[in-house]
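For reference, structure-v6.cif is printed below; it contains mmCIF, C-alpha atoms.
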data_my_file
loop_
_atom_site.group_PDB
_atom_site.id
_atom_site.type_symbol
_atom_site.label_atom_id
_atom_site.label_comp_id
_atom_site.auth_asym_id
_atom_site.auth_seq_id
_atom_site.Cartn_x
_atom_site.Cartn_y
_atom_site.Cartn_z
ATOM 1 C CA MET A 10 49.938 -2.184 -34.202
ATOM 2 C CA LYS A 11 50.713 -1.505 -30.550
ATOM 3 C CA LEU A 12 48.675 -4.530 -29.509
ATOM 4 C CA PHE A 13 50.533 -6.655 -32.047
ATOM 5 C CA LYS A 14 53.891 -5.535 -30.595
ATOM 6 C CA ILE A 15 52.760 -6.348 -27.029
ATOM 7 C CA LEU A 16 51.536 -9.778 -28.165
ATOM 8 C CA LEU A 17 54.834 -10.425 -29.950
ATOM 9 C CA VAL A 18 56.855 -9.532 -26.838
ATOM 10 C CA CYS A 19 54.584 -11.767 -24.693
ATOM 11 C CA PHE A 20 54.984 -14.627 -27.184
ATOM 12 C CA ILE A 21 58.795 -14.343 -27.145
ATOM 13 C CA LEU A 22 58.913 -14.160 -23.325
ATOM 14 C CA ILE A 23 56.648 -17.206 -22.924
ATOM 15 C CA ASN A 24 58.760 -19.153 -25.404
ATOM 16 C CA ILE A 25 61.992 -18.281 -23.614
ATOM 17 C CA SER A 26 60.597 -19.279 -20.207
ATOM 18 C CA LEU A 27 59.137 -22.505 -21.660
ATOM 19 C CA SER A 28 62.443 -23.550 -23.213
ATOM 20 C CA LYS A 29 64.259 -22.702 -19.972
ATOM 21 C CA ALA A 30 61.747 -24.812 -18.007
ATOM 22 C CA GLN A 31 62.270 -27.674 -20.437
ATOM 23 C CA ASP A 32 66.058 -27.445 -19.966
ATOM 24 C CA ASN A 33 65.563 -27.493 -16.190
ATOM 25 C CA ASP A 34 63.284 -30.535 -16.499
ATOM 26 C CA THR A 35 65.885 -32.450 -18.526
ATOM 27 C CA HIS A 36 68.622 -31.367 -16.118
ATOM 28 C CA SER A 37 66.767 -32.567 -13.026
ATOM 29 C CA LYS A 38 65.595 -35.759 -14.768
ATOM 30 C CA ILE A 39 69.202 -36.666 -15.634
ATOM 31 C CA THR A 40 70.704 -35.680 -12.272
ATOM 32 C CA LYS A 41 68.011 -37.659 -10.395
ATOM 33 C CA ASN A 42 69.034 -40.794 -12.307
ATOM 34 C CA LEU A 43 72.720 -40.413 -11.416
ATOM 35 C CA ARG A 44 74.310 -41.814 -8.295
ATOM 36 C CA CYS A 45 76.695 -39.589 -6.349
ATOM 37 C CA LEU A 46 79.912 -41.575 -6.129
ATOM 38 C CA VAL A 47 81.244 -39.635 -3.169
ATOM 39 C CA CYS A 48 78.186 -39.667 -0.905
ATOM 40 C CA GLN A 49 76.554 -42.916 -1.924
ATOM 41 C CA GLY A 50 72.888 -43.278 -1.188
ATOM 42 C CA GLN A 51 72.202 -39.834 -2.629
ATOM 43 C CA SER A 52 71.582 -38.862 -6.208
ATOM 44 C CA ILE A 53 73.626 -36.183 -7.955
ATOM 45 C CA TYR A 54 70.451 -34.059 -7.783
ATOM 46 C CA ASP A 55 70.242 -34.325 -3.966
ATOM 47 C CA SER A 56 73.940 -34.201 -3.203
ATOM 48 C CA ASP A 57 75.879 -31.032 -2.516
ATOM 49 C CA SER A 58 79.347 -32.592 -2.711
ATOM 50 C CA GLU A 59 82.079 -31.060 -4.893
ATOM 51 C CA PHE A 60 81.792 -34.042 -7.251
ATOM 52 C CA ALA A 61 78.003 -33.729 -7.594
ATOM 53 C CA ASN A 62 78.196 -29.981 -8.161
ATOM 54 C CA SER A 63 80.785 -30.453 -10.925
ATOM 55 C CA VAL A 64 78.614 -33.100 -12.604
ATOM 56 C CA LYS A 65 75.625 -30.724 -12.428
ATOM 57 C CA ILE A 66 77.630 -27.946 -14.120
ATOM 58 C CA LEU A 67 78.885 -30.358 -16.779
ATOM 59 C CA ILE A 68 75.358 -31.627 -17.538
ATOM 60 C CA GLU A 69 74.107 -28.048 -17.806
ATOM 61 C CA LYS A 70 76.902 -27.288 -20.317
ATOM 62 C CA LYS A 71 76.113 -30.420 -22.307
ATOM 63 C CA ILE A 72 72.377 -29.630 -22.469
ATOM 64 C CA LYS A 73 73.243 -26.121 -23.678
ATOM 65 C CA ASN A 74 75.454 -27.696 -26.358
ATOM 66 C CA GLY A 75 72.436 -29.658 -27.564
ATOM 67 C CA GLU A 76 73.423 -33.111 -26.307
ATOM 68 C CA ASN A 77 70.561 -35.446 -25.497
ATOM 69 C CA GLU A 78 69.957 -37.615 -22.426
ATOM 70 C CA LYS A 79 71.465 -40.754 -23.973
ATOM 71 C CA GLN A 80 74.643 -38.951 -25.019
ATOM 72 C CA ILE A 81 75.089 -37.560 -21.492
ATOM 73 C CA TYR A 82 74.492 -40.967 -19.870
ATOM 74 C CA ASP A 83 76.937 -42.617 -22.309
ATOM 75 C CA TYR A 84 79.555 -39.965 -21.569
ATOM 76 C CA LEU A 85 79.334 -40.516 -17.808
ATOM 77 C CA LYS A 86 79.056 -44.310 -18.143
ATOM 78 C CA ASN A 87 82.237 -44.293 -20.196
ATOM 79 C CA ARG A 88 84.075 -42.547 -17.358
ATOM 80 C CA TYR A 89 82.495 -43.993 -14.217
ATOM 81 C CA GLY A 90 80.896 -47.231 -15.393
ATOM 82 C CA GLU A 91 77.306 -48.481 -15.204
ATOM 83 C CA TRP A 92 77.360 -47.896 -11.412
ATOM 84 C CA ILE A 93 76.730 -44.173 -11.834
ATOM 85 C CA LEU A 94 73.284 -44.855 -13.348
ATOM 86 C CA TYR A 95 70.365 -45.626 -11.045
ATOM 87 C CA GLU A 96 68.528 -47.112 -14.010
ATOM 88 C CA PRO A 97 71.066 -49.327 -15.772
ATOM 89 C CA ASN A 98 70.719 -50.147 -19.454
ATOM 90 C CA PHE A 99 69.663 -53.578 -20.636
ATOM 91 C CA SER A 100 72.901 -55.520 -21.192
ATOM 92 C CA LYS A 101 74.406 -58.949 -20.547
ATOM 93 C CA ASN A 102 75.313 -57.852 -17.023
ATOM 94 C CA THR A 103 71.906 -56.474 -16.149
ATOM 95 C CA TYR A 104 69.390 -58.727 -17.939
ATOM 96 C CA ILE A 105 68.573 -60.668 -14.712
ATOM 97 C CA LEU A 106 67.805 -57.371 -13.008
ATOM 98 C CA TRP A 107 65.319 -56.432 -15.726
ATOM 99 C CA ILE A 108 63.793 -59.844 -16.401
ATOM 100 C CA LEU A 109 63.543 -61.202 -12.840
ATOM 101 C CA PRO A 110 60.666 -58.961 -11.611
ATOM 102 C CA ILE A 111 58.602 -59.774 -14.725
ATOM 103 C CA PHE A 112 59.431 -63.445 -14.285
ATOM 104 C CA ILE A 113 58.403 -63.391 -10.599
ATOM 105 C CA PHE A 114 55.218 -61.520 -11.504
ATOM 106 C CA LEU A 115 54.314 -64.121 -14.144
ATOM 107 C CA ILE A 116 55.005 -67.030 -11.778
ATOM 108 C CA GLY A 117 52.939 -65.335 -9.071
ATOM 109 C CA GLY A 118 50.080 -64.820 -11.491
ATOM 110 C CA PHE A 119 50.279 -68.431 -12.604
ATOM 111 C CA VAL A 120 50.219 -69.681 -8.977
ATOM 112 C CA ILE A 121 47.193 -67.528 -8.154
ATOM 113 C CA PHE A 122 45.456 -68.684 -11.317
ATOM 114 C CA ARG A 123 46.077 -72.375 -10.502
ATOM 115 C CA LEU A 124 45.290 -72.208 -6.812
ATOM 116 C CA PHE A 125 42.237 -70.019 -6.835
ATOM 117 C CA ILE A 126 40.644 -69.836 -10.250
ATOM 118 C CA ILE A 127 41.104 -73.417 -11.505
ATOM 119 C CA LYS A 128 40.302 -74.919 -8.064
ATOM 120 C CA LYS A 129 37.114 -72.817 -7.837
ATOM 121 C CA ASN A 130 35.920 -74.222 -11.141
ATOM 122 C CA MET B 21 51.720 -86.022 -10.542
ATOM 123 C CA LYS B 22 51.239 -82.692 -12.312
ATOM 124 C CA ASN B 23 50.986 -80.927 -8.978
ATOM 125 C CA LYS B 24 54.239 -82.505 -7.770
ATOM 126 C CA ILE B 25 56.133 -81.334 -10.875
ATOM 127 C CA PHE B 26 54.673 -77.857 -10.438
ATOM 128 C CA THR B 27 55.673 -77.666 -6.773
ATOM 129 C CA THR B 28 59.208 -78.949 -7.489
ATOM 130 C CA LEU B 29 59.597 -76.430 -10.314
ATOM 131 C CA LEU B 30 58.402 -73.646 -8.063
ATOM 132 C CA ILE B 31 60.875 -74.594 -5.320
ATOM 133 C CA ILE B 32 63.736 -74.765 -7.840
ATOM 134 C CA ILE B 33 62.841 -71.351 -9.291
ATOM 135 C CA PHE B 34 62.627 -69.741 -5.870
ATOM 136 C CA PHE B 35 65.923 -71.374 -4.885
ATOM 137 C CA ILE B 36 67.582 -69.862 -7.978
ATOM 138 C CA ILE B 37 66.093 -66.454 -7.170
ATOM 139 C CA PHE B 38 67.303 -66.784 -3.571
ATOM 140 C CA LEU B 39 70.801 -67.669 -4.812
ATOM 141 C CA VAL B 40 70.888 -64.628 -7.136
ATOM 142 C CA PHE B 41 69.934 -62.273 -4.301
ATOM 143 C CA TYR B 42 72.238 -63.986 -1.822
ATOM 144 C CA LYS B 43 75.172 -63.622 -4.223
ATOM 145 C CA GLY B 44 74.182 -59.984 -4.736
ATOM 146 C CA LEU B 45 74.526 -59.419 -0.985
ATOM 147 C CA GLU B 46 78.193 -60.351 -1.193
ATOM 148 C CA ASN B 47 78.884 -57.636 -3.767
ATOM 149 C CA SER B 48 80.232 -54.417 -2.362
ATOM 150 C CA ASN B 49 77.913 -51.431 -2.638
ATOM 151 C CA ILE B 50 80.831 -49.034 -2.448
ATOM 152 C CA TYR B 51 82.037 -47.598 -5.725
ATOM 153 C CA SER B 52 85.400 -49.094 -6.564
ATOM 154 C CA PRO B 53 86.757 -47.823 -9.864
ATOM 155 C CA ASN B 54 88.944 -49.947 -12.064
ATOM 156 C CA LEU B 55 92.481 -48.694 -11.620
ATOM 157 C CA ASN B 56 94.182 -50.557 -14.448
ATOM 158 C CA VAL B 57 92.019 -49.921 -17.505
ATOM 159 C CA GLU B 58 93.841 -48.542 -20.523
ATOM 160 C CA LYS B 59 91.874 -45.570 -21.776
ATOM 161 C CA SER B 60 92.658 -42.764 -24.158
ATOM 162 C CA ILE B 61 93.230 -39.407 -22.525
ATOM 163 C CA PRO B 62 90.302 -36.985 -22.757
ATOM 164 C CA LEU B 63 90.281 -33.990 -25.076
ATOM 165 C CA PHE B 64 89.754 -30.691 -23.328
ATOM 166 C CA GLU B 65 90.755 -27.057 -23.247
ATOM 167 C CA ALA B 66 91.858 -25.347 -20.056
ATOM 168 C CA LYS B 67 93.338 -22.141 -18.755
ATOM 169 C CA ILE B 68 96.925 -22.192 -17.526
ATOM 170 C CA LEU B 69 97.055 -21.299 -13.834
ATOM 171 C CA GLY B 70 97.840 -17.630 -13.284
ATOM 172 C CA GLU B 71 97.753 -16.824 -16.987
ATOM 173 C CA ASN B 72 95.011 -15.779 -19.332
ATOM 174 C CA LYS B 73 96.137 -18.292 -21.943
ATOM 175 C CA LYS B 74 94.099 -21.345 -22.885
ATOM 176 C CA ILE B 75 95.760 -24.598 -23.901
ATOM 177 C CA ASN B 76 94.413 -27.673 -25.651
ATOM 178 C CA SER B 77 95.187 -31.128 -24.270
ATOM 179 C CA LYS B 78 96.441 -32.120 -27.749
ATOM 180 C CA ASP B 79 99.291 -29.628 -27.318
ATOM 181 C CA ILE B 80 100.316 -30.995 -23.927
ATOM 182 C CA PHE B 81 100.617 -34.733 -24.437
ATOM 183 C CA VAL B 82 103.093 -36.214 -26.900
ATOM 184 C CA GLU B 83 103.247 -39.837 -28.032
ATOM 185 C CA ASN B 84 105.769 -42.265 -26.489
ATOM 186 C CA GLU B 85 106.308 -40.165 -23.405
ATOM 187 C CA PHE B 86 105.342 -40.623 -19.774
ATOM 188 C CA TYR B 87 103.126 -38.017 -18.138
ATOM 189 C CA LEU B 88 101.721 -37.857 -14.668
ATOM 190 C CA VAL B 89 98.483 -35.905 -14.352
ATOM 191 C CA ASN B 90 97.861 -34.890 -10.774
ATOM 192 C CA ILE B 91 94.563 -33.352 -9.681
ATOM 193 C CA TRP B 92 95.122 -31.203 -6.602
ATOM 194 C CA ALA B 93 93.897 -28.191 -4.650
ATOM 195 C CA SER B 94 95.435 -25.898 -2.064
ATOM 196 C CA TRP B 95 92.497 -26.558 0.307
ATOM 197 C CA CYS B 96 93.064 -30.325 0.161
ATOM 198 C CA VAL B 97 95.098 -31.600 3.123
ATOM 199 C CA PRO B 98 96.096 -34.983 1.562
ATOM 200 C CA CYS B 99 97.510 -33.014 -1.411
ATOM 201 C CA ARG B 100 99.982 -31.447 0.983
ATOM 202 C CA ASP B 101 100.948 -34.939 2.216
ATOM 203 C CA GLU B 102 101.636 -36.254 -1.274
ATOM 204 C CA HIS B 103 103.570 -33.166 -2.396
ATOM 205 C CA PRO B 104 107.052 -34.475 -1.329
ATOM 206 C CA PHE B 105 106.459 -37.609 -3.454
ATOM 207 C CA LEU B 106 105.597 -35.457 -6.469
ATOM 208 C CA MET B 107 108.714 -33.378 -5.870
ATOM 209 C CA ASN B 108 110.723 -36.598 -5.799
ATOM 210 C CA LEU B 109 109.150 -37.744 -9.097
ATOM 211 C CA SER B 110 109.780 -34.368 -10.722
ATOM 212 C CA LYS B 111 113.515 -35.142 -10.546
ATOM 213 C CA GLN B 112 112.965 -38.091 -12.867
ATOM 214 C CA LYS B 113 113.731 -36.905 -16.397
ATOM 215 C CA ASN B 114 111.524 -39.305 -18.368
ATOM 216 C CA ILE B 115 108.298 -38.192 -16.730
ATOM 217 C CA LYS B 116 106.496 -34.885 -17.035
ATOM 218 C CA ILE B 117 104.072 -33.876 -14.310
ATOM 219 C CA ILE B 118 100.966 -31.931 -15.271
ATOM 220 C CA GLY B 119 98.881 -30.430 -12.484
ATOM 221 C CA ILE B 120 95.139 -29.817 -12.631
ATOM 222 C CA ASN B 121 94.173 -27.315 -9.977
ATOM 223 C CA TYR B 122 90.685 -28.367 -8.829
ATOM 224 C CA LYS B 123 88.072 -25.803 -7.712
ATOM 225 C CA ASP B 124 90.609 -23.474 -6.192
ATOM 226 C CA LYS B 125 91.300 -19.774 -5.986
ATOM 227 C CA ASN B 126 94.203 -18.790 -8.254
ATOM 228 C CA LYS B 127 95.765 -16.775 -5.448
ATOM 229 C CA ASP B 128 95.705 -19.726 -3.002
ATOM 230 C CA ALA B 129 97.019 -22.199 -5.582
ATOM 231 C CA ILE B 130 99.960 -19.959 -6.502
ATOM 232 C CA LYS B 131 100.727 -19.392 -2.809
ATOM 233 C CA PHE B 132 100.665 -23.179 -2.226
ATOM 234 C CA LEU B 133 103.191 -23.750 -5.035
ATOM 235 C CA LYS B 134 105.428 -20.902 -3.876
ATOM 236 C CA GLU B 135 105.448 -22.303 -0.375
ATOM 237 C CA LEU B 136 106.110 -25.958 -1.266
ATOM 238 C CA ASN B 137 107.757 -25.585 -4.718
ATOM 239 C CA SER B 138 106.168 -26.746 -7.926
ATOM 240 C CA PRO B 139 106.739 -30.257 -9.259
ATOM 241 C CA TYR B 140 104.577 -29.449 -12.286
ATOM 242 C CA GLN B 141 105.653 -28.687 -15.807
ATOM 243 C CA THR B 142 102.277 -27.092 -16.499
ATOM 244 C CA VAL B 143 99.423 -26.333 -14.135
ATOM 245 C CA LEU B 144 95.911 -26.104 -15.560
ATOM 246 C CA SER B 145 93.060 -24.404 -13.822
ATOM 247 C CA ASP B 146 89.823 -26.348 -13.343
ATOM 248 C CA PHE B 147 87.697 -23.736 -11.610
ATOM 249 C CA ASP B 148 84.363 -25.591 -11.907
ATOM 250 C CA GLY B 149 85.631 -29.189 -11.640
ATOM 251 C CA THR B 150 84.480 -30.208 -15.124
ATOM 252 C CA ILE B 151 87.989 -31.109 -16.363
ATOM 253 C CA ALA B 152 88.332 -33.548 -13.459
ATOM 254 C CA ILE B 153 85.060 -35.155 -14.615
ATOM 255 C CA GLU B 154 86.559 -35.446 -18.123
ATOM 256 C CA TRP B 155 89.315 -37.538 -16.531
ATOM 257 C CA GLY B 156 86.808 -39.661 -14.643
ATOM 258 C CA ALA B 157 88.023 -38.384 -11.289
ATOM 259 C CA TYR B 158 85.739 -37.958 -8.320
ATOM 260 C CA GLY B 159 87.834 -36.066 -5.832
ATOM 261 C CA VAL B 160 91.248 -34.743 -4.922
ATOM 262 C CA PRO B 161 93.976 -35.872 -4.974
ATOM 263 C CA GLU B 162 93.912 -38.213 -7.936
ATOM 264 C CA THR B 163 96.825 -39.121 -10.193
ATOM 265 C CA PHE B 164 96.941 -40.658 -13.657
ATOM 266 C CA LEU B 165 99.978 -42.188 -15.309
ATOM 267 C CA ILE B 166 99.924 -41.673 -19.068
ATOM 268 C CA TYR B 167 101.972 -43.266 -21.765
ATOM 269 C CA ASP B 168 101.451 -42.910 -25.498
ATOM 270 C CA LYS B 169 98.379 -40.728 -24.873
ATOM 271 C CA LYS B 170 96.748 -43.519 -22.851
ATOM 272 C CA ILE B 171 95.963 -43.716 -19.138
ATOM 273 C CA ILE B 172 97.836 -46.786 -17.932
ATOM 274 C CA LYS B 173 97.367 -46.423 -14.188
ATOM 275 C CA LYS B 174 95.138 -44.475 -11.855
ATOM 276 C CA PHE B 175 95.954 -43.599 -8.233
ATOM 277 C CA ILE B 176 93.045 -42.542 -6.059
ATOM 278 C CA GLY B 177 93.965 -40.621 -2.937
ATOM 279 C CA PRO B 178 97.385 -39.245 -2.004
ATOM 280 C CA LEU B 179 100.537 -40.797 -3.427
ATOM 281 C CA ASN B 180 102.664 -42.595 -0.873
ATOM 282 C CA GLN B 181 105.925 -44.526 -0.687
ATOM 283 C CA ASN B 182 104.316 -47.605 -2.308
ATOM 284 C CA SER B 183 102.781 -45.687 -5.201
ATOM 285 C CA LEU B 184 106.085 -43.850 -5.713
ATOM 286 C CA PHE B 185 107.861 -47.199 -5.937
ATOM 287 C CA GLU B 186 105.196 -48.516 -8.337
ATOM 288 C CA LEU B 187 105.429 -45.385 -10.508
ATOM 289 C CA LYS B 188 109.203 -45.625 -10.695
ATOM 290 C CA LYS B 189 108.942 -49.281 -11.673
ATOM 291 C CA LEU B 190 106.325 -48.549 -14.355
ATOM 292 C CA THR B 191 108.286 -45.704 -15.884
ATOM 293 C CA GLN B 192 111.662 -47.404 -16.009
#
Let me see the structure of the file written as structure tokens.
Amino acid sequence: MKLFKILLVCFILINISLSKAQDNDTHSKITKNLRCLVCQGQSIYDSDSEFANSVKILIEKKIKNGENEKQIYDYLKNRYGEWILYEPNFSKNTYILWILPIFIFLIGGFVIFRLFIIKKN
Amino acid sequence: MKNKIFTTLLIIIFFIIFLVFYKGLENSNIYSPNLNVEKSIPLFEAKILGENKKINSKDIFVENEFYLVNIWASWCVPCRDEHPFLMNLSKQKNIKIIGINYKDKNKDAIKFLKELNSPYQTVLSDFDGTIAIEWGAYGVPETFLIYDKKIIKKFIGPLNQNSLFELKKLTQ
């Protein structure tokens, strides 16, 4: 019985620390993808400005309230625009940004294929 | 023939890519918020400065009335500079000024208002800066003109003679 109680306490403690670690992971993942608007060039995660610290507190509150990553990004995007996100969503303003690297990669591959593989044969 | 078409196509594609990047270089990489977007005011709950009472934003803002929300702090030097303009605006009867005290000590904020007089009808306390984020602000001072529960104009930085003139024109 005593062993069972110890195991139960251990199980609860591990669960609490795991869920806390998960919260921290989500928090740092979100803050690393947000641009600090006061000290540009730094993420919210890296910055220690008043603005960044307030955003960190707000994200922590929102995670505690059960909001997911998308909801938090949408909330901030609604207030500060797409600029606050390091990884912008796919939209009519950003499709070139997303498609261009794939396009360049495909063209590059095609050039290599034509120049080296077809010529070799 | 095929090779010529291929080379021309390649040059055209790379020219387009070059143009896209070149145009991108002209864009500013400094965050410049849109100052004239009509947005609904955020919903929030905050403590009244110096009191233990909480108030909901729904109870502050009434339809068809002008409000000026000013985010300020006693430690912010430009807030001191804009204070005379707020005092001037507080004399205008059709506009109510609401202060949001940003990341400040209650004692310092109250001292600031005692020293310079208060232009505010209500002062809310934003001890962790999250209410300012609700408003889409990113520093102090920042001022929002509200009409019919909508933000109609945003002023970033301290108010000056020009913004005072603009505010008076907008609220006439």
- What residues in chain A have any atom no more than 8 Å from chain B when counting all atoms listed in the file, and can you write them as a PyMOL selection string? chain A and resi 46-47+49+59-60+63-64+66-67+88-89+92
Show me, as a PDB file with C-alpha atoms, in the coordinates of the input, the residues that have an atom within 12 Å of segment 134-143 of chain B when counting all atoms listed in the file, minus same-chain residues fewer than 3 positions from it.
ATOM      1  CA  ALA B  66      91.858 -25.347 -20.056  1.00  0.00           C
ATOM      2  CA  LYS B  67      93.338 -22.141 -18.755  1.00  0.00           C
ATOM      3  CA  ILE B  68      96.925 -22.192 -17.526  1.00  0.00           C
ATOM      4  CA  LEU B  69      97.055 -21.299 -13.834  1.00  0.00           C
ATOM      5  CA  GLY B  70      97.840 -17.630 -13.284  1.00  0.00           C
ATOM      6  CA  GLU B  71      97.753 -16.824 -16.987  1.00  0.00           C
ATOM      7  CA  LYS B  73      96.137 -18.292 -21.943  1.00  0.00           C
ATOM      8  CA  LYS B  74      94.099 -21.345 -22.885  1.00  0.00           C
ATOM      9  CA  ILE B  75      95.760 -24.598 -23.901  1.00  0.00           C
ATOM     10  CA  SER B  77      95.187 -31.128 -24.270  1.00  0.00           C
ATOM     11  CA  ASP B  79      99.291 -29.628 -27.318  1.00  0.00           C
ATOM     12  CA  ILE B  80     100.316 -30.995 -23.927  1.00  0.00           C
ATOM     13  CA  PHE B  81     100.617 -34.733 -24.437  1.00  0.00           C
ATOM     14  CA  TYR B  87     103.126 -38.017 -18.138  1.00  0.00           C
ATOM     15  CA  LEU B  88     101.721 -37.857 -14.668  1.00  0.00           C
ATOM     16  CA  VAL B  89      98.483 -35.905 -14.352  1.00  0.00           C
ATOM     17  CA  ASN B  90      97.861 -34.890 -10.774  1.00  0.00           C
ATOM     18  CA  ILE B  91      94.563 -33.352  -9.681  1.00  0.00           C
ATOM     19  CA  TRP B  92      95.122 -31.203  -6.602  1.00  0.00           C
ATOM     20  CA  ALA B  93      93.897 -28.191  -4.650  1.00  0.00           C
ATOM     21  CA  SER B  94      95.435 -25.898  -2.064  1.00  0.00           C
ATOM     22  CA  CYS B  99      97.510 -33.014  -1.411  1.00  0.00           C
ATOM     23  CA  ARG B 100      99.982 -31.447   0.983  1.00  0.00           C
ATOM     24  CA  ASP B 101     100.948 -34.939   2.216  1.00  0.00           C
ATOM     25  CA  GLU B 102     101.636 -36.254  -1.274  1.00  0.00           C
ATOM     26  CA  HIS B 103     103.570 -33.166  -2.396  1.00  0.00           C
ATOM     27  CA  PRO B 104     107.052 -34.475  -1.329  1.00  0.00           C
ATOM     28  CA  PHE B 105     106.459 -37.609  -3.454  1.00  0.00           C
ATOM     29  CA  LEU B 106     105.597 -35.457  -6.469  1.00  0.00           C
ATOM     30  CA  MET B 107     108.714 -33.378  -5.870  1.00  0.00           C
ATOM     31  CA  ASN B 108     110.723 -36.598  -5.799  1.00  0.00           C
ATOM     32  CA  LEU B 109     109.150 -37.744  -9.097  1.00  0.00           C
ATOM     33  CA  SER B 110     109.780 -34.368 -10.722  1.00  0.00           C
ATOM     34  CA  LYS B 111     113.515 -35.142 -10.546  1.00  0.00           C
ATOM     35  CA  GLN B 112     112.965 -38.091 -12.867  1.00  0.00           C
ATOM     36  CA  LYS B 113     113.731 -36.905 -16.397  1.00  0.00           C
ATOM     37  CA  ILE B 115     108.298 -38.192 -16.730  1.00  0.00           C
ATOM     38  CA  LYS B 116     106.496 -34.885 -17.035  1.00  0.00           C
ATOM     39  CA  ILE B 117     104.072 -33.876 -14.310  1.00  0.00           C
ATOM     40  CA  ILE B 118     100.966 -31.931 -15.271  1.00  0.00           C
ATOM     41  CA  GLY B 119      98.881 -30.430 -12.484  1.00  0.00           C
ATOM     42  CA  ILE B 120      95.139 -29.817 -12.631  1.00  0.00           C
ATOM     43  CA  ASN B 121      94.173 -27.315  -9.977  1.00  0.00           C
ATOM     44  CA  TYR B 122      90.685 -28.367  -8.829  1.00  0.00           C
ATOM     45  CA  ASN B 126      94.203 -18.790  -8.254  1.00  0.00           C
ATOM     46  CA  LYS B 127      95.765 -16.775  -5.448  1.00  0.00           C
ATOM     47  CA  ASP B 128      95.705 -19.726  -3.002  1.00  0.00           C
ATOM     48  CA  ALA B 129      97.019 -22.199  -5.582  1.00  0.00           C
ATOM     49  CA  ILE B 130      99.960 -19.959  -6.502  1.00  0.00           C
ATOM     50  CA  LYS B 131     100.727 -19.392  -2.809  1.00  0.00           C
ATOM     51  CA  ASP B 146      89.823 -26.348 -13.343  1.00  0.00           C
TER      52      ASP B 146
END
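Pairwise distance (atom CA of Tyr95 of chain A, atom CA of Tyr42 of chain B) equals 20.6 Å.
Here atom CA of Asn77 of chain A stands at a distance of 21.6 Å from atom CA of Asp55 of chain A.
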- Coordinates-based distance that separates atom CA of Leu144 of chain B from atom CA of Asn114 of chain B (Å, one decimal):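 So the answer is 20.6 Å.
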- Pick from A:Asp57, A:Phe13, A:Asp83, A:Ile93, whichever lies nearest to Asn42 of chain A using only C-alpha atoms: A:Ile93
- Item | Closest of A:Val120, A:Ile21, A:Leu43, A:Leu109 to Glu91 of chain A - atom-to-atom distances counting only C-alpha atoms | A:Leu43
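Minimum atom-to-atom distance to Ile36 of chain B, evaluated using all atoms listed in the file, belongs to A:Ile113 out of A:Ile113, A:Asn33, A:Val18, A:Gly118.
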- Task: Would you write out, as a PyMOL selection string, every residue that the PyMOL selection byres ((chain B and resi 167-173) around 6) captures in this file?
- Result: chain B and resi 55-56+58-61+83-86+164-166+174
Box centre and edge lengths (Å, one decimal), axis-aligned, segment 56-67 of chain A plus 5 Å each side, as JSON:
{"center_x": 78.0, "center_y": -31.1, "center_z": -9.6, "size_x": 18.1, "size_y": 16.3, "size_z": 24.3}
- Task: Quick one: everything within 12 Å of Thr35 of chain A, counting only C-alpha atoms, minus sequence neighbours fewer than 4 positions away in the same chain. Send it as a PyMOL selection string.
- Result: chain A and resi 28-31+39-42+54+65+68-69+71-73+75-79+81
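Proximity of B:Phe35, B:Gly44, B:Glu162, B:Asn72 to Cys96 of chain B, computed with all atoms listed in the file, is greatest for B:Glu162.
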- Query: In terms of the shortest atom-to-atom distance over all atoms listed in the file, which of A:Gly117, A:Ala61, A:Tyr84, A:Arg44 is closest to Glu96 of chain A?
  - Reply: A:Arg44
